[in-house]
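Reproduced below: upload-v2.cif, with mmCIF, C-alpha atoms and all ligand atoms.
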```
data_upload
loop_
_atom_site.label_atom_id
_atom_site.label_comp_id
_atom_site.auth_asym_id
_atom_site.auth_seq_id
_atom_site.Cartn_x
_atom_site.Cartn_y
_atom_site.Cartn_z
CA MET A 1 -24.31 -27.05 -11.25
CA ILE A 2 -24.34 -23.26 -11.21
CA MET A 3 -24.95 -21.69 -14.64
CA PRO A 4 -23.93 -18.02 -14.39
CA GLN A 5 -26.42 -15.62 -15.99
CA ASP A 6 -25.21 -12.33 -17.47
CA GLY A 7 -24.52 -9.87 -14.68
CA ASP A 8 -24.73 -12.45 -11.87
CA ARG A 9 -21.59 -11.42 -10.08
CA ILE A 10 -21.91 -13.99 -7.31
CA ALA A 11 -21.90 -16.84 -9.82
CA GLN A 12 -19.05 -15.19 -11.75
CA ARG A 13 -16.96 -14.93 -8.62
CA ILE A 14 -17.50 -18.62 -7.85
CA GLU A 15 -16.62 -19.58 -11.41
CA ALA A 16 -13.46 -17.45 -11.50
CA MET A 17 -12.11 -18.97 -8.29
CA LEU A 18 -12.90 -22.52 -9.38
CA GLU A 19 -11.10 -21.87 -12.67
CA ARG A 20 -7.99 -20.83 -10.73
CA VAL A 21 -8.28 -23.93 -8.54
CA ASN A 22 -8.69 -26.21 -11.57
CA GLY A 23 -5.64 -24.64 -13.23
CA ILE A 24 -3.56 -25.36 -10.13
CA LYS A 25 -4.92 -28.93 -9.95
CA ALA A 26 -4.08 -29.49 -13.64
CA HIS A 27 -0.45 -28.70 -12.83
CA GLU A 28 -0.59 -31.03 -9.83
CA HIS A 29 0.20 -28.14 -7.52
CA TYR A 30 -2.87 -28.44 -5.35
CA TYR A 31 -1.85 -28.60 -1.69
CA PHE A 32 -5.10 -27.28 -0.23
CA ASN A 33 -6.42 -29.15 2.83
CA GLN A 34 -4.28 -32.29 2.65
CA PRO A 35 -5.66 -34.46 5.46
CA VAL A 36 -3.33 -35.65 8.20
CA THR A 37 -4.42 -39.18 9.07
CA GLU A 38 -2.17 -39.86 12.02
CA LEU A 39 0.19 -37.99 14.32
CA ARG A 40 3.56 -39.57 15.09
CA GLY A 41 4.90 -37.56 17.97
CA GLY A 42 5.14 -33.82 17.44
CA SER A 43 7.55 -33.94 14.52
CA ARG A 44 6.03 -36.49 12.15
CA ALA A 45 2.64 -37.18 10.66
CA ILE A 46 1.04 -39.50 8.14
CA VAL A 47 -0.16 -37.62 5.05
CA ARG A 48 -1.42 -39.44 1.92
CA GLY A 49 -0.30 -42.69 3.47
CA ARG A 50 3.32 -41.56 3.93
CA GLU A 51 5.20 -40.60 7.05
CA MET A 52 6.42 -37.04 6.63
CA LEU A 53 8.57 -34.76 8.74
CA MET A 54 6.16 -32.06 9.88
CA PHE A 55 7.34 -28.52 9.08
CA ALA A 56 3.94 -26.86 8.83
CA SER A 57 2.65 -27.09 12.39
CA TYR A 58 1.93 -24.25 14.80
CA GLY A 59 2.40 -26.67 17.70
CA TYR A 60 5.54 -24.75 18.62
CA LEU A 61 6.16 -26.38 21.97
CA GLY A 62 5.32 -29.92 20.87
CA LEU A 63 2.42 -30.13 23.31
CA LEU A 64 -0.11 -31.86 21.03
CA GLY A 65 -0.84 -35.24 22.61
CA HIS A 66 0.90 -34.37 25.92
CA PRO A 67 -0.43 -36.97 28.42
CA ARG A 68 -1.29 -34.42 31.12
CA ILE A 69 -3.22 -32.24 28.64
CA ASN A 70 -5.01 -35.21 27.08
CA SER A 71 -6.08 -36.53 30.47
CA ALA A 72 -7.38 -33.12 31.56
CA ALA A 73 -9.52 -33.03 28.40
CA LYS A 74 -10.80 -36.58 28.95
CA ALA A 75 -11.67 -35.87 32.57
CA ALA A 76 -13.61 -32.78 31.48
CA ILE A 77 -15.65 -34.83 29.01
CA ASP A 78 -16.39 -37.44 31.66
CA LYS A 79 -17.57 -34.73 34.04
CA TYR A 80 -19.40 -32.30 31.72
CA GLY A 81 -19.91 -34.04 28.36
CA THR A 82 -18.83 -32.66 25.01
CA GLY A 83 -20.55 -29.28 24.83
CA THR A 84 -21.92 -26.45 26.88
CA HIS A 85 -25.54 -25.50 26.91
CA GLY A 86 -24.85 -22.65 24.53
CA VAL A 87 -23.79 -19.11 25.36
CA ARG A 88 -21.92 -18.11 28.49
CA LEU A 89 -24.75 -15.97 29.85
CA LEU A 90 -27.28 -18.78 29.97
CA ALA A 91 -26.10 -22.18 31.19
CA GLY A 92 -22.82 -21.99 29.25
CA THR A 93 -20.42 -20.86 31.96
CA LEU A 94 -18.69 -23.74 33.74
CA ASP A 95 -16.26 -23.53 36.63
CA LEU A 96 -13.73 -24.63 33.99
CA HIS A 97 -14.14 -21.33 32.13
CA ILE A 98 -13.60 -19.33 35.29
CA GLU A 99 -10.51 -21.41 36.11
CA LEU A 100 -9.15 -21.04 32.56
CA GLU A 101 -9.64 -17.27 32.66
CA ALA A 102 -7.85 -17.07 36.00
CA ALA A 103 -5.00 -19.19 34.60
CA ILE A 104 -4.66 -16.94 31.54
CA ALA A 105 -4.68 -13.79 33.67
CA SER A 106 -2.02 -15.23 35.95
CA PHE A 107 0.12 -16.44 33.01
CA LYS A 108 -0.04 -12.98 31.41
CA HIS A 109 0.48 -11.15 34.73
CA ALA A 110 -2.84 -9.39 34.08
CA GLU A 111 -5.70 -8.57 36.44
CA ASP A 112 -8.34 -10.56 34.58
CA ALA A 113 -9.10 -12.37 31.31
CA VAL A 114 -11.99 -13.49 29.13
CA CYS A 115 -12.00 -16.35 26.63
CA PHE A 116 -13.82 -16.88 23.34
CA SER A 117 -14.24 -19.78 20.95
CA SER A 118 -11.50 -18.63 18.53
CA ASP A 119 -8.88 -15.96 18.16
CA TYR A 120 -10.42 -14.87 14.88
CA VAL A 121 -13.65 -14.16 16.72
CA THR A 122 -11.70 -12.55 19.57
CA ASN A 123 -10.21 -9.98 17.19
CA LEU A 124 -13.56 -9.26 15.54
CA THR A 125 -15.29 -8.74 18.82
CA ALA A 126 -12.54 -7.06 20.88
CA ILE A 127 -11.83 -4.38 18.29
CA SER A 128 -15.48 -3.68 17.48
CA THR A 129 -16.35 -3.60 21.19
CA LEU A 130 -13.64 -1.03 21.94
CA VAL A 131 -13.91 1.36 18.99
CA GLY A 132 -16.65 2.58 16.69
CA ARG A 133 -17.68 5.54 14.58
CA ASN A 134 -15.67 8.72 15.24
CA ASP A 135 -12.77 6.69 16.68
CA ALA A 136 -9.58 5.68 14.87
CA VAL A 137 -8.04 2.21 14.70
CA ILE A 138 -4.44 1.95 13.48
CA CYS A 139 -2.78 -1.24 12.22
CA ASP A 140 0.51 -2.50 10.85
CA LYS A 141 0.21 -3.28 7.11
CA LEU A 142 0.99 -6.96 7.78
CA ASP A 143 -1.48 -7.47 10.63
CA HIS A 144 -3.48 -10.70 10.52
CA ALA A 145 -6.72 -10.87 8.49
CA SER A 146 -8.81 -11.23 11.65
CA ILE A 147 -7.51 -7.86 12.89
CA VAL A 148 -8.34 -6.23 9.56
CA ASP A 149 -11.84 -7.73 9.66
CA GLY A 150 -12.33 -6.50 13.23
CA CYS A 151 -11.34 -2.97 12.19
CA ILE A 152 -13.76 -3.00 9.26
CA LEU A 153 -16.57 -4.36 11.44
CA SER A 154 -15.96 -1.68 14.07
CA GLY A 155 -16.84 1.19 11.72
CA ALA A 156 -13.95 3.25 13.13
CA ASP A 157 -11.68 5.23 10.84
CA PHE A 158 -9.21 2.52 9.69
CA LEU A 159 -5.59 3.65 9.19
CA ARG A 160 -2.48 1.59 8.45
CA PHE A 161 1.26 2.16 8.78
CA ARG A 162 4.16 0.59 6.87
CA HIS A 163 5.30 -2.72 8.31
CA ASN A 164 7.16 -2.26 11.62
CA ASP A 165 8.05 1.32 10.56
CA MET A 166 7.88 3.54 13.65
CA ASN A 167 8.27 6.82 11.76
CA ASP A 168 5.26 5.89 9.72
CA LEU A 169 3.27 4.92 12.83
CA GLU A 170 4.07 8.34 14.29
CA ARG A 171 2.97 10.03 11.04
CA VAL A 172 -0.36 8.15 11.16
CA LEU A 173 -0.91 8.92 14.86
CA ARG A 174 -0.44 12.63 14.12
CA LYS A 175 -2.93 12.43 11.28
CA VAL A 176 -5.86 11.28 13.47
CA GLU A 177 -8.58 13.91 13.97
CA PRO A 178 -8.09 15.71 17.27
CA GLY A 179 -10.57 14.41 19.81
CA ALA A 180 -10.89 10.95 18.24
CA SER A 181 -10.03 8.01 20.51
CA LYS A 182 -7.21 5.89 19.13
CA LEU A 183 -6.55 2.14 19.27
CA VAL A 184 -3.31 0.73 17.83
CA VAL A 185 -3.44 -3.01 16.99
CA VAL A 186 -0.35 -5.04 16.06
CA ASP A 187 0.75 -8.66 15.80
CA ALA A 188 3.52 -9.58 18.25
CA VAL A 189 5.08 -11.96 15.73
CA PHE A 190 3.99 -11.62 12.11
CA SER A 191 2.47 -14.83 10.86
CA MET A 192 3.88 -14.80 7.32
CA ASP A 193 7.33 -13.32 7.99
CA GLY A 194 8.23 -14.45 11.52
CA ASP A 195 9.59 -11.05 12.56
CA ILE A 196 8.79 -9.32 15.87
CA ILE A 197 7.07 -5.95 16.33
CA ASP A 198 9.22 -3.19 17.82
CA LEU A 199 7.09 -3.15 20.95
CA PRO A 200 9.17 -0.74 23.07
CA HIS A 201 8.84 1.88 20.35
CA VAL A 202 5.15 1.20 19.64
CA ALA A 203 4.34 1.39 23.36
CA ARG A 204 6.18 4.71 23.73
CA LEU A 205 4.37 6.24 20.75
CA CYS A 206 1.02 5.04 22.08
CA ARG A 207 1.74 6.65 25.44
CA GLU A 208 2.82 9.92 23.85
CA HIS A 209 -0.26 10.09 21.65
CA GLY A 210 -2.78 8.84 24.20
CA ALA A 211 -3.59 5.72 22.16
CA TRP A 212 -4.68 2.34 23.54
CA LEU A 213 -2.44 -0.56 22.56
CA MET A 214 -3.67 -4.03 21.62
CA VAL A 215 -1.26 -6.86 20.70
CA ASP A 216 -2.21 -10.20 19.11
CA GLU A 217 0.11 -12.83 20.57
CA ALA A 218 -1.03 -15.76 18.39
CA HIS A 219 2.61 -16.62 17.64
CA SER A 220 4.13 -15.14 20.78
CA LEU A 221 2.40 -16.86 23.70
CA GLY A 222 4.56 -19.81 24.73
CA MET A 223 7.32 -18.78 22.34
CA LEU A 224 8.65 -15.38 23.36
CA GLY A 225 10.18 -14.53 26.71
CA LYS A 226 12.20 -16.73 29.02
CA THR A 227 9.10 -18.40 30.49
CA GLY A 228 6.95 -18.14 27.36
CA ARG A 229 4.79 -15.37 28.76
CA GLY A 230 5.11 -13.46 25.52
CA ILE A 231 6.27 -10.24 24.01
CA GLU A 232 6.38 -8.00 27.11
CA GLU A 233 8.65 -10.54 28.80
CA HIS A 234 10.74 -10.82 25.61
CA PHE A 235 11.55 -7.11 25.69
CA GLY A 236 11.83 -6.93 29.47
CA LEU A 237 8.95 -4.47 29.61
CA GLY A 238 6.38 -4.31 32.37
CA ASP A 239 2.68 -4.02 31.70
CA VAL A 240 2.67 -1.85 28.54
CA VAL A 241 -0.02 -3.60 26.49
CA ASP A 242 -3.57 -2.53 27.38
CA VAL A 243 -5.35 -5.29 25.46
CA LYS A 244 -3.36 -8.53 25.57
CA MET A 245 -4.93 -11.05 23.26
CA GLY A 246 -3.94 -14.36 21.80
CA THR A 247 -4.99 -17.81 20.73
CA LEU A 248 -5.40 -21.15 22.47
CA SER A 249 -4.88 -23.03 19.19
CA LYS A 250 -1.17 -22.76 18.41
CA ALA A 251 1.48 -23.29 21.09
CA ILE A 252 -1.47 -24.26 23.29
CA PRO A 253 -3.02 -27.41 21.77
CA SER A 254 -6.69 -26.50 22.10
CA VAL A 255 -8.90 -23.94 20.40
CA GLY A 256 -10.15 -20.52 21.44
CA GLY A 257 -8.96 -16.98 21.97
CA TYR A 258 -8.60 -14.66 24.96
CA VAL A 259 -8.24 -11.07 26.01
CA ALA A 260 -6.33 -10.25 29.21
CA GLY A 261 -5.95 -6.85 30.84
CA LYS A 262 -7.26 -4.58 33.58
CA LYS A 263 -10.33 -5.74 35.54
CA GLU A 264 -12.59 -2.97 34.24
CA LEU A 265 -11.65 -3.67 30.63
CA ILE A 266 -12.50 -7.37 30.97
CA GLN A 267 -15.78 -6.66 32.79
CA TYR A 268 -16.71 -4.22 30.03
CA ILE A 269 -15.92 -6.74 27.27
CA LYS A 270 -17.94 -9.47 29.02
CA HIS A 271 -20.97 -7.23 29.23
CA VAL A 272 -20.77 -5.72 25.75
CA SER A 273 -19.00 -8.15 23.37
CA ARG A 274 -21.47 -9.66 20.93
CA ALA A 275 -19.33 -12.80 20.54
CA PHE A 276 -19.37 -13.32 24.31
CA ILE A 277 -23.10 -12.77 24.58
CA PHE A 278 -24.36 -14.41 21.39
CA SER A 279 -21.94 -17.27 20.64
CA ALA A 280 -21.45 -20.59 22.44
CA ALA A 281 -18.91 -21.09 25.21
CA LEU A 282 -15.72 -23.10 24.71
CA PRO A 283 -16.43 -26.84 25.05
CA PRO A 284 -15.31 -28.35 28.38
CA ALA A 285 -12.53 -30.52 26.92
CA GLN A 286 -10.96 -27.53 25.14
CA ALA A 287 -11.15 -25.28 28.18
CA ALA A 288 -9.57 -27.97 30.38
CA ALA A 289 -6.86 -28.70 27.78
CA ALA A 290 -5.93 -25.02 27.47
CA LYS A 291 -5.67 -24.62 31.23
CA ALA A 292 -3.52 -27.75 31.58
CA ALA A 293 -1.28 -26.55 28.73
CA LEU A 294 -0.57 -23.26 30.51
CA GLU A 295 0.49 -25.26 33.56
CA VAL A 296 2.70 -27.54 31.46
CA ILE A 297 4.45 -24.56 29.86
CA LEU A 298 5.40 -23.26 33.30
CA ASP A 299 6.38 -26.72 34.61
CA GLU A 300 8.47 -27.69 31.57
CA PRO A 301 10.36 -24.52 30.68
CA ASP A 302 13.00 -26.49 28.73
CA ARG A 303 10.63 -26.64 25.79
CA ILE A 304 11.00 -22.91 25.20
CA GLU A 305 14.79 -23.15 25.22
CA ILE A 306 14.72 -26.13 22.85
CA LEU A 307 12.39 -24.24 20.51
CA ARG A 308 14.81 -21.32 20.45
CA ARG A 309 17.76 -23.62 19.72
CA ASN A 310 15.83 -25.43 16.97
CA ALA A 311 14.79 -22.17 15.33
CA ALA A 312 18.42 -20.95 15.35
CA GLN A 313 19.64 -24.24 13.85
CA PHE A 314 16.95 -24.23 11.15
CA ILE A 315 17.29 -20.55 10.17
CA GLY A 316 21.09 -20.67 10.31
CA GLY A 317 21.12 -23.82 8.15
CA LEU A 318 18.80 -22.34 5.51
CA LYS A 319 20.83 -19.13 5.34
CA ALA A 320 24.08 -21.06 4.99
CA LEU A 321 22.53 -22.85 1.99
CA GLY A 322 21.77 -19.49 0.40
CA PHE A 323 18.02 -19.25 1.07
CA ASP A 324 16.41 -15.89 1.83
CA THR A 325 14.54 -16.25 5.13
CA MET A 326 13.57 -12.55 5.26
CA ASN A 327 13.69 -10.97 8.73
CA THR A 328 12.51 -13.92 10.78
CA GLU A 329 13.71 -14.21 14.37
CA THR A 330 11.29 -16.93 15.41
CA ALA A 331 10.12 -20.45 14.62
CA ILE A 332 8.07 -19.13 11.68
CA VAL A 333 10.56 -19.37 8.85
CA PRO A 334 9.67 -18.00 5.43
CA VAL A 335 11.71 -19.53 2.62
CA LEU A 336 11.37 -17.02 -0.17
CA CYS A 337 10.66 -18.55 -3.59
CA GLY A 338 9.43 -15.62 -5.74
CA PRO A 339 6.61 -16.37 -8.18
CA ASP A 340 3.71 -18.60 -6.98
CA GLU A 341 4.70 -21.29 -9.47
CA ARG A 342 8.15 -21.65 -7.97
CA ALA A 343 6.78 -21.98 -4.44
CA TYR A 344 4.50 -24.79 -5.67
CA GLU A 345 7.46 -26.55 -7.29
CA MET A 346 9.51 -26.22 -4.13
CA VAL A 347 6.66 -27.72 -2.08
CA ARG A 348 6.31 -30.61 -4.51
CA ALA A 349 10.03 -31.34 -4.34
CA CYS A 350 9.97 -31.25 -0.52
CA GLN A 351 6.88 -33.42 -0.17
CA ARG A 352 8.34 -35.99 -2.60
CA GLU A 353 11.16 -36.35 -0.08
CA ASN A 354 8.64 -36.57 2.78
CA VAL A 355 9.06 -33.12 4.26
CA PHE A 356 5.64 -31.62 4.86
CA ALA A 357 5.88 -27.87 4.24
CA LEU A 358 3.28 -25.71 2.55
CA PRO A 359 3.26 -22.73 0.20
CA VAL A 360 1.91 -19.27 0.90
CA VAL A 361 1.00 -17.46 -2.31
CA SER A 362 -0.74 -14.23 -3.32
CA PRO A 363 -3.00 -12.67 -2.18
CA ALA A 364 -1.95 -13.85 1.32
CA VAL A 365 1.50 -12.32 0.60
CA PRO A 366 2.47 -9.68 -2.00
CA ASP A 367 2.85 -10.87 -5.61
CA GLY A 368 6.36 -12.17 -6.32
CA THR A 369 7.07 -13.02 -2.66
CA ALA A 370 5.51 -16.49 -2.61
CA ARG A 371 7.24 -18.67 -0.08
CA LEU A 372 7.29 -21.83 1.88
CA ARG A 373 6.31 -20.82 5.34
CA ALA A 374 8.10 -23.50 7.28
CA THR A 375 7.67 -23.85 11.03
CA VAL A 376 10.04 -25.59 13.38
CA THR A 377 8.98 -26.78 16.83
CA ALA A 378 10.42 -28.02 20.10
CA ALA A 379 9.39 -31.53 19.04
CA HIS A 380 12.02 -31.71 16.28
CA SER A 381 15.34 -33.34 17.07
CA PRO A 382 18.54 -31.73 15.74
CA ASP A 383 18.84 -34.77 13.42
CA GLU A 384 15.38 -34.21 11.98
CA ILE A 385 16.21 -30.58 11.30
CA GLU A 386 19.40 -31.67 9.47
CA GLN A 387 17.36 -34.16 7.42
CA ALA A 388 14.91 -31.42 6.47
CA LEU A 389 17.75 -29.05 5.57
CA ALA A 390 19.17 -31.67 3.20
CA VAL A 391 15.77 -31.97 1.51
CA PHE A 392 15.42 -28.18 1.28
CA GLU A 393 18.88 -28.04 -0.28
CA SER A 394 18.14 -30.54 -3.05
CA ALA A 395 14.66 -29.02 -3.66
CA GLY A 396 16.15 -25.52 -3.76
CA ARG A 397 18.74 -26.57 -6.35
CA LYS A 398 16.20 -28.45 -8.46
CA THR A 399 13.94 -25.39 -8.62
CA GLY A 400 16.74 -22.86 -9.06
CA ILE A 401 15.98 -20.99 -5.85
CA ILE A 402 19.55 -21.49 -4.62
C1 LIG B 501 -3.87 -17.86 13.68
C2 LIG B 501 -4.05 -16.41 13.99
C3 LIG B 501 -5.28 -15.93 14.42
C4 LIG B 501 -6.52 -16.79 14.45
O1 LIG B 501 -6.48 -17.66 15.51
P1 LIG B 501 -7.59 -18.81 15.69
O2 LIG B 501 -7.56 -19.11 17.12
O3 LIG B 501 -7.14 -19.93 14.81
O4 LIG B 501 -8.88 -18.24 15.23
C5 LIG B 501 -5.36 -14.60 14.79
N1 LIG B 501 -4.29 -13.79 14.73
C6 LIG B 501 -3.09 -14.21 14.29
C7 LIG B 501 -1.94 -13.27 14.24
C8 LIG B 501 -2.94 -15.55 13.89
O5 LIG B 501 -1.77 -15.98 13.42
#
```
Once more with this new file: its structure as structure tokens, please.
Ligand SMILES: *Cc1c(COP(=O)(O)O)cnc(C)c1O
Amino acid sequence: MIMPQDGDRIAQRIEAMLERVNGIKAHEHYYFNQPVTELRGGSRAIVRGREMLMFASYGYLGLLGHPRINSAAKAAIDKYGTGTHGVRLLAGTLDLHIELEAAIASFKHAEDAVCFSSDYVTNLTAISTLVGRNDAVICDKLDHASIVDGCILSGADFLRFRHNDMNDLERVLRKVEPGASKLVVVDAVFSMDGDIIDLPHVARLCREHGAWLMVDEAHSLGMLGKTGRGIEEHFGLGDVVDVKMGTLSKAIPSVGGYVAGKKELIQYIKHVSRAFIFSAALPPAQAAAAKAALEVILDEPDRIEILRRNAAQFIGGLKALGFDTMNTETAIVPVLCGPDERAYEMVRACQRENVFALPVVSPAVPDGTARLRATVTAAHSPDEIEQALAVFESAGRKTGII
């Protein structure tokens, strides 16, 4: 039991957060870390002993549990065991890592790639490896927390522009000290709002101002573009992103992050990145699963088309009911609720009817814009989406959102 002394700010911080948590628990609005005990296909799961329709999963293509991916992971365990011997530089590099990196590079139409044990770590290390003191790093206001943390860690001058506002990006680019190197970092698809960065415009501004461009494709790889190759394919652009990074934990059912790009860039990162040098390599099963998943995405392109259809059905249905889904164009569908309390009530009403969706509240989103951040995947059938829409409708009426 911690007993805060006067002036002990660490203890005070802990106490203040636990008070907030206890308040939420007292209102039975505590949805933090509800364990899933069983998967039932890609669209259903057992939570608290009940089968629920899953509308909170990042498994966009429904690949979790895919037999080919599972068997690749099992074969890797049989051959190499469950871990590596630590960092890549010592005995940690397996042929599997080299093969995975080649597969990522090929998938992204890049010269080379490097993988890390998470995308969070990839952002920390990529940004702080590329820029430092006397440089400038420029971000969209809604960029992911891991990008923000990477910028802070880098020690570069950290500037931000209004969300997806190209005039404001131009203003910020002009503001950078002459002579400073510039790196612009954006999300491809924004994780709370589901909208897509105006990449053609960002890329043109970067070229005009001599800035490097890095794009986090956590919610774009496997989703955007006809073959799921991501945001450059989506816009029909060639190779305009210098630092192509993304995660192996969302559409791809594994864990890890990667950077793809020009050969020299990847060689540089491998020799300088502290996460590459000082943190353990991806476990064999996860490396093998990620590689197999990239192959499955190319071999089963229907999944991408189904995902697109499902997203259109789900977004169109919510809008027709009168919900505000903000500017989403993807399978990340915010259902705006307003105050935190109302988002909690909406979640409770949905979960009572066995639809598993979760709230996003402040400070993850601005005050007064609490929402359900629902995600639809290729694993949902049109019927399941209709069932979920019916539950959203009755929950929305009960809580006064529609
Ligand atoms: C989820 C996410 C990450 C973190 O990815 P992990 O592989 O889970 O560490 C980074 N960036 C964005 C935009 C994300 O949505």
Nearest to ligand LIG 501 (chain B): which of A:Ala180, A:Leu63, A:Ala102, A:Ile197 is it, counting all atoms listed in the file?
A:Ile197
Would you mind listing the residues within 8 Å of ligand LIG 501 (chain B), counting only C-alpha atoms and all ligand atoms, as number ranges by chain?
A: 117-123, 143-147, 187-191, 216-219, 246-250, 255-257
Can you list, as a PyMOL selection string, every protein, DNA or RNA residue that comes within 7 Å of A:Val376 when you count only C-alpha atoms, leaving out same-chain residues fewer than 2 positions away?
chain A and resi 55+60+310-311+331-332+374
Spatial neighbours of A:Glu300, max dist 10 Å, all atoms listed in the file, sep filter under 5 positions, as a list in words
Leu61, Thr227 and Glu295 of chain A
Which stretch 126-206 of chain A residues have any atom within 12 Å of an atom of stretch 269-280 of chain A, and for each, what is the nearest pair of atoms with distance in Å to one decimal, counting only C-alpha atoms, rows sorted by chain and number, as a tab-separated table?
```
residue	atom	partner	partner_atom	distance
A:Ala126	CA	A:Ser273	CA	7.0
A:Ile127	CA	A:Ser273	CA	9.6
A:Ser128	CA	A:Ser273	CA	8.2
A:Thr129	CA	A:Ser273	CA	5.7
A:Leu130	CA	A:Ile269	CA	8.1
A:Val131	CA	A:Ser273	CA	11.6
A:Gly150	CA	A:Ala275	CA	11.9
A:Leu153	CA	A:Arg274	CA	11.9
A:Ser154	CA	A:Ser273	CA	11.7
```
Atom-to-atom span, atom CA of A:Pro363 and atom CA of A:His29, Å:
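Atom CA of A:His29 lies 16.7 Å from atom CA of A:Pro363.
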For stretch 65-71 of chain A, work out the shell of residues within 7 Å, counting only C-alpha atoms and skipping chain neighbours fewer than 2 positions away, then give it as an MDAnalysis selection string.
chainID A and resid 63 73:75 289 292:293
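Proximity ranking of A:Glu353, A:Asp149, A:Asp112, A:Glu393 relative to A:Val243 places A:Asp112 first, based on all atoms listed in the file.
All protein and nucleic acid residues in the vicinity of (9.7, -35.0, 0.7), that is within 9 Å when counting only C-alpha atoms, are Met52, Leu53, Val347, Arg348, Ala349, Cys350, Gln351, Arg352, Glu353, Asn354, Val355, Phe356, Ala357, Ala388, Val391, Phe392 and Ala395 of chain A.
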re atom CA of A:Thr328 and atom CA of A:Leu237: distance 21.4 Å
List as a ChimeraX atom specification the residues having at least one atom at most 12 Å from position (1.6, 7.9, 22.2) as given in the file, counting only C-alpha atoms.
/A:166,169-174,176,181-184,200-213,240
Name the closest residue to A:Phe314 among the candidates A:Glu232, A:Asp165, A:Glu329, A:Asp302; distances are taken between atoms, counting only C-alpha atoms.
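Comparing A:Glu232, A:Asp165, A:Glu329, A:Asp302 against A:Phe314, the winner is A:Glu329.
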Env of A:Thr84: 9 Å cut, atoms = only C-alpha atoms, seq-sep filter 2 positions within chain, self excluded. Answer as a ChimeraX atom specification.
/A:80-82,86-88,91-94,280-284
Missing atoms in stretch 270-283 of chain A need filling: write out N, CA and C atoms for it as a PDB file, in the frame of the given file.
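That gives us rebuild26.pdb:
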```pdb
ATOM      1  N   LYS A 270     -16.976  -8.397  28.734  1.00  0.00           N
ATOM      2  CA  LYS A 270     -17.940  -9.470  29.020  1.00  0.00           C
ATOM      3  C   LYS A 270     -19.383  -8.976  28.910  1.00  0.00           C
ATOM      4  N   HIS A 271     -19.590  -7.726  29.240  1.00  0.00           N
ATOM      5  CA  HIS A 271     -20.970  -7.230  29.230  1.00  0.00           C
ATOM      6  C   HIS A 271     -21.397  -6.669  27.879  1.00  0.00           C
ATOM      7  N   VAL A 272     -20.430  -6.401  27.008  1.00  0.00           N
ATOM      8  CA  VAL A 272     -20.770  -5.720  25.750  1.00  0.00           C
ATOM      9  C   VAL A 272     -20.465  -6.558  24.508  1.00  0.00           C
ATOM     10  N   SER A 273     -19.436  -7.413  24.569  1.00  0.00           N
ATOM     11  CA  SER A 273     -19.000  -8.150  23.370  1.00  0.00           C
ATOM     12  C   SER A 273     -20.114  -9.037  22.821  1.00  0.00           C
ATOM     13  N   ARG A 274     -20.399  -8.862  21.539  1.00  0.00           N
ATOM     14  CA  ARG A 274     -21.470  -9.660  20.930  1.00  0.00           C
ATOM     15  C   ARG A 274     -21.069 -11.127  20.815  1.00  0.00           C
ATOM     16  N   ALA A 275     -19.771 -11.401  20.628  1.00  0.00           N
ATOM     17  CA  ALA A 275     -19.330 -12.800  20.540  1.00  0.00           C
ATOM     18  C   ALA A 275     -19.445 -13.494  21.895  1.00  0.00           C
ATOM     19  N   PHE A 276     -19.236 -12.735  22.974  1.00  0.00           N
ATOM     20  CA  PHE A 276     -19.370 -13.320  24.310  1.00  0.00           C
ATOM     21  C   PHE A 276     -20.833 -13.607  24.614  1.00  0.00           C
ATOM     22  N   ILE A 277     -21.697 -12.669  24.209  1.00  0.00           N
ATOM     23  CA  ILE A 277     -23.100 -12.770  24.580  1.00  0.00           C
ATOM     24  C   ILE A 277     -23.884 -13.708  23.656  1.00  0.00           C
ATOM     25  N   PHE A 278     -23.511 -13.718  22.362  1.00  0.00           N
ATOM     26  CA  PHE A 278     -24.360 -14.410  21.390  1.00  0.00           C
ATOM     27  C   PHE A 278     -23.750 -15.674  20.784  1.00  0.00           C
ATOM     28  N   SER A 279     -22.547 -16.080  21.244  1.00  0.00           N
ATOM     29  CA  SER A 279     -21.940 -17.270  20.640  1.00  0.00           C
ATOM     30  C   SER A 279     -21.551 -18.259  21.745  1.00  0.00           C
ATOM     31  N   ALA A 280     -21.591 -19.541  21.412  1.00  0.00           N
ATOM     32  CA  ALA A 280     -21.450 -20.590  22.440  1.00  0.00           C
ATOM     33  C   ALA A 280     -20.099 -20.540  23.149  1.00  0.00           C
ATOM     34  N   ALA A 281     -20.111 -21.024  24.382  1.00  0.00           N
ATOM     35  CA  ALA A 281     -18.910 -21.090  25.210  1.00  0.00           C
ATOM     36  C   ALA A 281     -17.971 -22.173  24.678  1.00  0.00           C
ATOM     37  N   LEU A 282     -16.690 -22.059  25.027  1.00  0.00           N
ATOM     38  CA  LEU A 282     -15.720 -23.100  24.710  1.00  0.00           C
ATOM     39  C   LEU A 282     -16.186 -24.436  25.274  1.00  0.00           C
ATOM     40  N   PRO A 283     -16.063 -25.519  24.512  1.00  0.00           N
ATOM     41  CA  PRO A 283     -16.430 -26.840  25.050  1.00  0.00           C
ATOM     42  C   PRO A 283     -15.520 -27.213  26.236  1.00  0.00           C
TER      43      PRO A 283
END
```
